Amino acid sequence: MNKNDLDSFTRVDEKHPLDLYIGTDGLSRRTLFLISSTQPQHMISSLVISAVVGKRKDSKWGISFILLDNKYSDIFNCFCNDIIESSRLLEDKNSGADFIVNRYNKWQTMLSKSRGELLSQSTIKGLIGELLFLKKFLIPKYGQEVAVKAWIGPERADQDFICDNTWYEIKATESGSDSINITSVEQLDTPKNGELVVVYLDKTSSADESKITLNRIYEEVYNLLENDDLKNKLSGILLGFGYFTRPEYDDPAFKLTKINRYMVDGTFPSMRRKSIPEAVINSEYQMSLSSIDNYLIKN
């Protein structure tokens with residue numbers, strides 16, 4: 001795409017540090033377009049968004065992100081907004097292409113897994129629990145940088161947060177429940193002591209002013225962060241789970257009842273890999289909460 005082809009495009013923001021344009025290509029397909037002085041990394045197109053790279057006559061590089069199916073227009077809107085806003089405060093314009101390609105690749109990975117489908121109710125509740133614990137405990141205890149970088153998230157380590165020679169595994173449930181699901185032996189079987197954290201979330205009315213939704217708690221944590229790199233890190237972690245801000249995540253609504261933390265040490269009554277036959281590759285089990293009261297951290 002050369003200079004004359006930009007007639008159907010509008011620069012996203014005159015104050016934006018990157019030469020980003022939004023418009024339609026020659027086939028009337030909605031497109032986000034970047035002009036870069038540096039050659040971008042290799043990208044793979046998805047069934048939703050096509051990524052096209054070309055050398056321009058002015059020796060710069062053009063990167064087009066093209067919507068392939070209009071039924072995904074809402075997702076494409078979110079993608080464009082995420083690219084625009086996450087790159088807004090870049091200090092080095094020359095790093096813009098690499099930044100945007102890396103961001104696109106996260107979207108591509110997410111879309112290849114979910115095709116933009118909504119998260120399940122259990123995943124929504126679990127993410128709310130993790131974000132609440134991040135906000136209410138980890139950030140006050142460790143500071144913003146350590147806390148956010150401790151969230152292993154979709155990298156799928158055995159525990160949710162790992163920092164300061166310890167770990168935290170978060171489980172979300174509702175009041176009155178006496179059991180939680182442990183999805184693998186390794187979640188609670190580690191050589192280091194850590195904590196099992198149970199976040200009690202009960203459904204509430206959408207009219208409840210104190211309600212907690214996935215969109216709301218994400219926005220609260222995002223706005224709490226003072227460092228733009230950490231904001232991008234946070235949004236990248238959530239994107240890896242398949243979450244990006246969309247109206248559907250203004251529901252369901254919950255209220256936080258309490259957060260219980262349990263010390264997991266060598267005596268904690270969990271399954272141990274050494275006691276399981278070698279032929280058993282994976283094991284999932286239920287744990288009674290009333291049976292582990294002695295491990296409750298009182299403060």
# chains A, B, ... in the order shown; residues from 1 in each chain; ligands from 1
$ select_by_dssp --residues "segment 68-215 of chain A" --states "strand (DSSP E)" --output "ChimeraX atom specification"
/A:161-163,166-173,179-182,194-203
$ write_last_selection --atoms "C-alpha atoms" --output "JSON list (two decimals), in the first residue's frame"
[["chain", "number", "residue", "atom", "x", "y", "z"],
["A", 161, "PHE", "CA", 1.34, -16.74, 41.05],
["A", 162, "ILE", "CA", 4.99, -17.44, 41.81],
["A", 163, "CYS", "CA", 7.11, -14.84, 43.61],
["A", 166, "THR", "CA", 6.73, -18.87, 47.35],
["A", 167, "TRP", "CA", 3.56, -19.43, 45.33],
["A", 168, "TYR", "CA", -0.19, -18.86, 45.43],
["A", 169, "GLU", "CA", -2.87, -21.07, 43.86],
["A", 170, "ILE", "CA", -6.26, -19.32, 43.58],
["A", 171, "LYS", "CA", -9.62, -21.07, 43.65],
["A", 172, "ALA", "CA", -12.97, -19.30, 43.30],
["A", 173, "THR", "CA", -16.11, -20.77, 44.82],
["A", 179, "SER", "CA", -15.08, -28.35, 48.34],
["A", 180, "ILE", "CA", -12.82, -27.10, 45.61],
["A", 181, "ASN", "CA", -11.44, -28.80, 42.53],
["A", 182, "ILE", "CA", -7.70, -29.48, 42.32],
["A", 194, "GLY", "CA", 3.00, -21.85, 49.34],
["A", 195, "GLU", "CA", -0.62, -20.87, 49.79],
["A", 196, "LEU", "CA", -3.95, -22.18, 48.62],
["A", 197, "VAL", "CA", -6.25, -19.17, 48.34],
["A", 198, "VAL", "CA", -10.02, -19.60, 48.23],
["A", 199, "VAL", "CA", -12.01, -16.60, 47.01],
["A", 200, "TYR", "CA", -15.72, -16.72, 47.85],
["A", 201, "LEU", "CA", -17.83, -15.05, 45.17],
["A", 202, "ASP", "CA", -21.62, -15.05, 45.24],
["A", 203, "LYS", "CA", -23.86, -13.94, 42.40]]
$ select_by_dssp --residues "segment 97-186 of chain A" --states "helix (DSSP H, G or I)" --output "number ranges by chain"
A: 97-114, 121-142, 144-149, 153-155, 185-186
$ write_last_selection --atoms "N, CA and C atoms" --output "short mmCIF file (atom, residue, chain, number, x, y, z; two decimals), in the first residue's frame"
data_model
loop_
_atom_site.label_atom_id
_atom_site.label_comp_id
_atom_site.auth_asym_id
_atom_site.auth_seq_id
_atom_site.Cartn_x
_atom_site.Cartn_y
_atom_site.Cartn_z
N ALA A 97 6.87 -1.44 15.19
CA ALA A 97 6.52 -2.62 14.39
C ALA A 97 6.65 -3.89 15.22
N ASP A 98 7.76 -4.04 15.94
CA ASP A 98 7.96 -5.23 16.76
C ASP A 98 6.89 -5.34 17.84
N PHE A 99 6.58 -4.19 18.46
CA PHE A 99 5.58 -4.18 19.52
C PHE A 99 4.22 -4.64 18.98
N ILE A 100 3.82 -4.07 17.85
CA ILE A 100 2.51 -4.38 17.30
C ILE A 100 2.45 -5.82 16.79
N VAL A 101 3.52 -6.30 16.18
CA VAL A 101 3.54 -7.68 15.71
C VAL A 101 3.43 -8.64 16.89
N ASN A 102 4.15 -8.36 17.98
CA ASN A 102 4.06 -9.22 19.17
C ASN A 102 2.64 -9.21 19.73
N ARG A 103 2.04 -8.03 19.71
CA ARG A 103 0.67 -7.91 20.22
C ARG A 103 -0.30 -8.67 19.32
N TYR A 104 -0.12 -8.51 18.03
CA TYR A 104 -0.96 -9.24 17.08
C TYR A 104 -0.82 -10.75 17.28
N ASN A 105 0.39 -11.22 17.49
CA ASN A 105 0.61 -12.65 17.66
C ASN A 105 -0.13 -13.19 18.88
N LYS A 106 -0.26 -12.36 19.93
CA LYS A 106 -1.04 -12.79 21.09
C LYS A 106 -2.51 -12.92 20.72
N TRP A 107 -2.99 -11.96 19.95
CA TRP A 107 -4.38 -12.06 19.47
C TRP A 107 -4.55 -13.29 18.59
N GLN A 108 -3.60 -13.53 17.71
CA GLN A 108 -3.67 -14.67 16.81
C GLN A 108 -3.73 -15.97 17.60
N THR A 109 -2.90 -16.09 18.62
CA THR A 109 -2.91 -17.30 19.46
C THR A 109 -4.26 -17.47 20.13
N MET A 110 -4.77 -16.36 20.67
CA MET A 110 -6.06 -16.42 21.35
C MET A 110 -7.18 -16.80 20.38
N LEU A 111 -7.20 -16.17 19.21
CA LEU A 111 -8.27 -16.44 18.25
C LEU A 111 -8.20 -17.85 17.68
N SER A 112 -6.97 -18.38 17.55
CA SER A 112 -6.84 -19.74 17.03
C SER A 112 -7.40 -20.76 18.01
N LYS A 113 -7.42 -20.41 19.30
CA LYS A 113 -7.94 -21.32 20.31
C LYS A 113 -9.44 -21.16 20.50
N SER A 114 -9.90 -19.90 20.51
CA SER A 114 -11.28 -19.65 20.92
C SER A 114 -12.19 -19.14 19.81
N GLN A 121 -18.47 -19.56 32.20
CA GLN A 121 -18.79 -18.94 33.49
C GLN A 121 -17.73 -19.28 34.54
N SER A 122 -17.23 -20.50 34.54
CA SER A 122 -16.22 -20.89 35.53
C SER A 122 -14.90 -20.15 35.29
N THR A 123 -14.55 -19.94 34.01
CA THR A 123 -13.32 -19.20 33.71
C THR A 123 -13.46 -17.74 34.12
N ILE A 124 -14.62 -17.14 33.87
CA ILE A 124 -14.88 -15.76 34.28
C ILE A 124 -14.72 -15.63 35.79
N LYS A 125 -15.33 -16.53 36.53
CA LYS A 125 -15.27 -16.48 37.99
C LYS A 125 -13.83 -16.67 38.47
N GLY A 126 -13.11 -17.59 37.84
CA GLY A 126 -11.72 -17.82 38.23
C GLY A 126 -10.85 -16.60 37.98
N LEU A 127 -11.03 -15.94 36.84
CA LEU A 127 -10.25 -14.74 36.55
C LEU A 127 -10.58 -13.61 37.51
N ILE A 128 -11.84 -13.46 37.85
CA ILE A 128 -12.21 -12.45 38.85
C ILE A 128 -11.50 -12.72 40.17
N GLY A 129 -11.48 -13.99 40.58
CA GLY A 129 -10.80 -14.34 41.81
C GLY A 129 -9.32 -14.00 41.78
N GLU A 130 -8.66 -14.29 40.67
CA GLU A 130 -7.23 -14.00 40.54
C GLU A 130 -6.96 -12.50 40.52
N LEU A 131 -7.80 -11.75 39.82
CA LEU A 131 -7.62 -10.29 39.77
C LEU A 131 -7.88 -9.66 41.13
N LEU A 132 -8.88 -10.17 41.85
CA LEU A 132 -9.14 -9.65 43.20
C LEU A 132 -7.95 -9.91 44.13
N PHE A 133 -7.39 -11.11 44.07
CA PHE A 133 -6.25 -11.41 44.92
C PHE A 133 -5.04 -10.57 44.54
N LEU A 134 -4.85 -10.34 43.26
CA LEU A 134 -3.77 -9.48 42.79
C LEU A 134 -3.93 -8.08 43.37
N LYS A 135 -5.13 -7.55 43.31
CA LYS A 135 -5.39 -6.18 43.78
C LYS A 135 -5.32 -6.06 45.30
N LYS A 136 -5.96 -6.98 46.00
CA LYS A 136 -6.13 -6.83 47.44
C LYS A 136 -4.96 -7.35 48.27
N PHE A 137 -4.17 -8.28 47.71
CA PHE A 137 -3.10 -8.87 48.51
C PHE A 137 -1.72 -8.72 47.88
N LEU A 138 -1.57 -9.18 46.64
CA LEU A 138 -0.23 -9.23 46.07
C LEU A 138 0.38 -7.85 45.81
N ILE A 139 -0.39 -6.94 45.23
CA ILE A 139 0.15 -5.60 44.97
C ILE A 139 0.51 -4.88 46.27
N PRO A 140 -0.37 -4.86 47.28
CA PRO A 140 0.03 -4.24 48.56
C PRO A 140 1.25 -4.91 49.20
N LYS A 141 1.38 -6.23 49.07
CA LYS A 141 2.47 -6.94 49.74
C LYS A 141 3.79 -6.81 49.00
N TYR A 142 3.76 -6.97 47.67
CA TYR A 142 5.00 -7.05 46.90
C TYR A 142 5.28 -5.84 46.03
N GLN A 144 3.69 -3.29 42.68
CA GLN A 144 3.03 -3.54 41.41
C GLN A 144 3.86 -4.41 40.47
N GLU A 145 5.14 -4.11 40.32
CA GLU A 145 5.95 -4.82 39.33
C GLU A 145 6.10 -6.30 39.67
N VAL A 146 6.48 -6.59 40.90
CA VAL A 146 6.66 -7.99 41.31
C VAL A 146 5.34 -8.74 41.23
N ALA A 147 4.26 -8.09 41.67
CA ALA A 147 2.96 -8.76 41.71
C ALA A 147 2.47 -9.13 40.32
N VAL A 148 2.52 -8.18 39.39
CA VAL A 148 2.02 -8.46 38.03
C VAL A 148 2.88 -9.50 37.34
N LYS A 149 4.20 -9.38 37.48
CA LYS A 149 5.09 -10.33 36.83
C LYS A 149 5.04 -11.71 37.48
N GLY A 153 -0.25 -16.98 34.74
CA GLY A 153 -1.37 -16.90 33.81
C GLY A 153 -1.42 -18.04 32.81
N PRO A 154 -1.67 -17.69 31.55
CA PRO A 154 -1.87 -18.73 30.53
C PRO A 154 -0.60 -19.48 30.15
N GLU A 155 0.54 -19.11 30.74
CA GLU A 155 1.75 -19.90 30.51
C GLU A 155 1.60 -21.29 31.12
N VAL A 185 -2.14 -32.95 40.38
CA VAL A 185 -1.38 -33.23 41.60
C VAL A 185 -0.36 -32.13 41.86
N GLU A 186 0.26 -31.63 40.78
CA GLU A 186 1.35 -30.66 40.92
C GLU A 186 0.92 -29.31 41.46
#
$ atom_distance --atom1 "atom CA of Thr183 of chain A" --atom2 "atom CA of Tyr285 of chain A"
6.6 Å
$ residues_around --residues "segment 7-23 of chain A" --least-positions-apart "2" --cutoff "6 Å" --atoms "only C-alpha atoms" --output "number ranges by chain"
A: 5, 30-35, 88
$ atom_distance --atom1 "atom CA of Ser206 of chain A" --atom2 "atom CA of Asp251 of chain A"
7.2 Å
$ residues_around --residues "Ser86 of chain A" --least-positions-apart "2" --cutoff "10 Å" --atoms "only C-alpha atoms" --output "PDB file with N, CA and C atoms, in the first residue's frame"
ATOM      1  N   CYS A  80      -8.432  -3.642  17.071  1.00  0.00           N
ATOM      2  CA  CYS A  80      -7.888  -2.345  16.646  1.00  0.00           C
ATOM      3  C   CYS A  80      -7.703  -1.421  17.828  1.00  0.00           C
ATOM      4  N   ASN A  81      -8.701  -1.374  18.707  1.00  0.00           N
ATOM      5  CA  ASN A  81      -8.600  -0.502  19.876  1.00  0.00           C
ATOM      6  C   ASN A  81      -7.439  -0.921  20.764  1.00  0.00           C
ATOM      7  N   ASP A  82      -7.256  -2.227  20.940  1.00  0.00           N
ATOM      8  CA  ASP A  82      -6.163  -2.727  21.770  1.00  0.00           C
ATOM      9  C   ASP A  82      -4.807  -2.363  21.167  1.00  0.00           C
ATOM     10  N   ILE A  83      -4.653  -2.538  19.860  1.00  0.00           N
ATOM     11  CA  ILE A  83      -3.396  -2.200  19.199  1.00  0.00           C
ATOM     12  C   ILE A  83      -3.107  -0.712  19.340  1.00  0.00           C
ATOM     13  N   ILE A  84      -4.122   0.106  19.102  1.00  0.00           N
ATOM     14  CA  ILE A  84      -3.950   1.565  19.155  1.00  0.00           C
ATOM     15  C   ILE A  84      -3.586   2.026  20.556  1.00  0.00           C
ATOM     16  N   ARG A  88       0.139   3.395  22.364  1.00  0.00           N
ATOM     17  CA  ARG A  88       0.038   4.861  22.397  1.00  0.00           C
ATOM     18  C   ARG A  88       1.220   5.533  23.090  1.00  0.00           C
ATOM     19  N   LEU A  89       1.739   4.923  24.137  1.00  0.00           N
ATOM     20  CA  LEU A  89       2.778   5.576  24.935  1.00  0.00           C
ATOM     21  C   LEU A  89       4.172   5.018  24.652  1.00  0.00           C
ATOM     22  N   LEU A  90       4.351   4.400  23.503  1.00  0.00           N
ATOM     23  CA  LEU A  90       5.687   3.936  23.128  1.00  0.00           C
ATOM     24  C   LEU A  90       6.626   5.129  22.982  1.00  0.00           C
ATOM     25  N   PHE A  99       6.580  -4.188  18.457  1.00  0.00           N
ATOM     26  CA  PHE A  99       5.576  -4.183  19.517  1.00  0.00           C
ATOM     27  C   PHE A  99       4.224  -4.643  18.978  1.00  0.00           C
ATOM     28  N   ILE A 100       3.822  -4.074  17.855  1.00  0.00           N
ATOM     29  CA  ILE A 100       2.507  -4.381  17.304  1.00  0.00           C
ATOM     30  C   ILE A 100       2.450  -5.819  16.790  1.00  0.00           C
ATOM     31  N   ARG A 103       2.037  -8.029  19.714  1.00  0.00           N
ATOM     32  CA  ARG A 103       0.670  -7.907  20.220  1.00  0.00           C
ATOM     33  C   ARG A 103      -0.305  -8.670  19.320  1.00  0.00           C
ATOM     34  N   ASP A 228       3.247   1.915  32.325  1.00  0.00           N
ATOM     35  CA  ASP A 228       2.581   1.507  31.088  1.00  0.00           C
ATOM     36  C   ASP A 228       3.011   0.117  30.640  1.00  0.00           C
ATOM     37  N   ASP A 229       4.266  -0.255  30.898  1.00  0.00           N
ATOM     38  CA  ASP A 229       4.710  -1.604  30.551  1.00  0.00           C
ATOM     39  C   ASP A 229       3.940  -2.652  31.345  1.00  0.00           C
ATOM     40  N   LYS A 231       0.889  -2.243  32.523  1.00  0.00           N
ATOM     41  CA  LYS A 231      -0.462  -2.268  31.983  1.00  0.00           C
ATOM     42  C   LYS A 231      -0.526  -3.177  30.761  1.00  0.00           C
ATOM     43  N   ASN A 232       0.464  -3.065  29.886  1.00  0.00           N
ATOM     44  CA  ASN A 232       0.503  -3.929  28.708  1.00  0.00           C
ATOM     45  C   ASN A 232       0.732  -5.387  29.095  1.00  0.00           C
ATOM     46  N   LYS A 233       1.542  -5.595  30.127  1.00  0.00           N
ATOM     47  CA  LYS A 233       1.774  -6.950  30.625  1.00  0.00           C
ATOM     48  C   LYS A 233       0.468  -7.554  31.132  1.00  0.00           C
ATOM     49  N   SER A 235      -2.709  -6.665  30.409  1.00  0.00           N
ATOM     50  CA  SER A 235      -3.673  -6.917  29.333  1.00  0.00           C
ATOM     51  C   SER A 235      -3.229  -8.096  28.471  1.00  0.00           C
ATOM     52  N   GLY A 236      -1.910  -8.274  28.322  1.00  0.00           N
ATOM     53  CA  GLY A 236      -1.403  -9.420  27.571  1.00  0.00           C
ATOM     54  C   GLY A 236      -1.696 -10.735  28.262  1.00  0.00           C
TER      55      GLY A 236
END
$ closest_residue --among "A:Glu174, A:Asp160, A:Asp25, A:Glu117" --to "Glu248 of chain A" --atoms "only C-alpha atoms"
A:Glu117
$ closest_residue --among "A:Leu188, A:Leu118, A:Ile66, A:Leu47" --to "Arg272 of chain A" --atoms "only C-alpha atoms"
A:Leu188
$ residues_around --residues "segment 71-73 of chain A" --least-positions-apart "5" --cutoff "9 Å" --atoms "only C-alpha atoms" --output "PyMOL selection string"
chain A and resi 30+48+78+116
$ residues_around --residues "Lys55 of chain A" --least-positions-apart "2" --cutoff "10 Å" --atoms "only C-alpha atoms" --output "ChimeraX atom specification"
/A:1-2,35-37,39,53,57-63
$ write_last_selection --atoms "C-alpha atoms" --output "PDB file, in the first residue's frame"
ATOM      1  CA  MET A   1       0.000   0.000   0.000  1.00  0.00           C
ATOM      2  CA  ASN A   2       1.532   3.284  -1.128  1.00  0.00           C
ATOM      3  CA  ILE A  35       3.736   2.394   8.167  1.00  0.00           C
ATOM      4  CA  SER A  36       7.092   1.414   9.660  1.00  0.00           C
ATOM      5  CA  SER A  37      10.685   2.338   8.920  1.00  0.00           C
ATOM      6  CA  GLN A  39      11.030  -4.487   8.687  1.00  0.00           C
ATOM      7  CA  VAL A  53       3.485  -7.105   4.936  1.00  0.00           C
ATOM      8  CA  LYS A  57       8.112   2.719  -2.843  1.00  0.00           C
ATOM      9  CA  ASP A  58       9.470   5.081  -0.181  1.00  0.00           C
ATOM     10  CA  SER A  59      11.482   2.113   1.222  1.00  0.00           C
ATOM     11  CA  LYS A  60       9.290   1.935   4.322  1.00  0.00           C
ATOM     12  CA  TRP A  61       7.248  -1.099   5.283  1.00  0.00           C
ATOM     13  CA  GLY A  62       3.476  -1.380   5.299  1.00  0.00           C
ATOM     14  CA  ILE A  63       1.666  -3.788   7.616  1.00  0.00           C
TER      15      ILE A  63
END
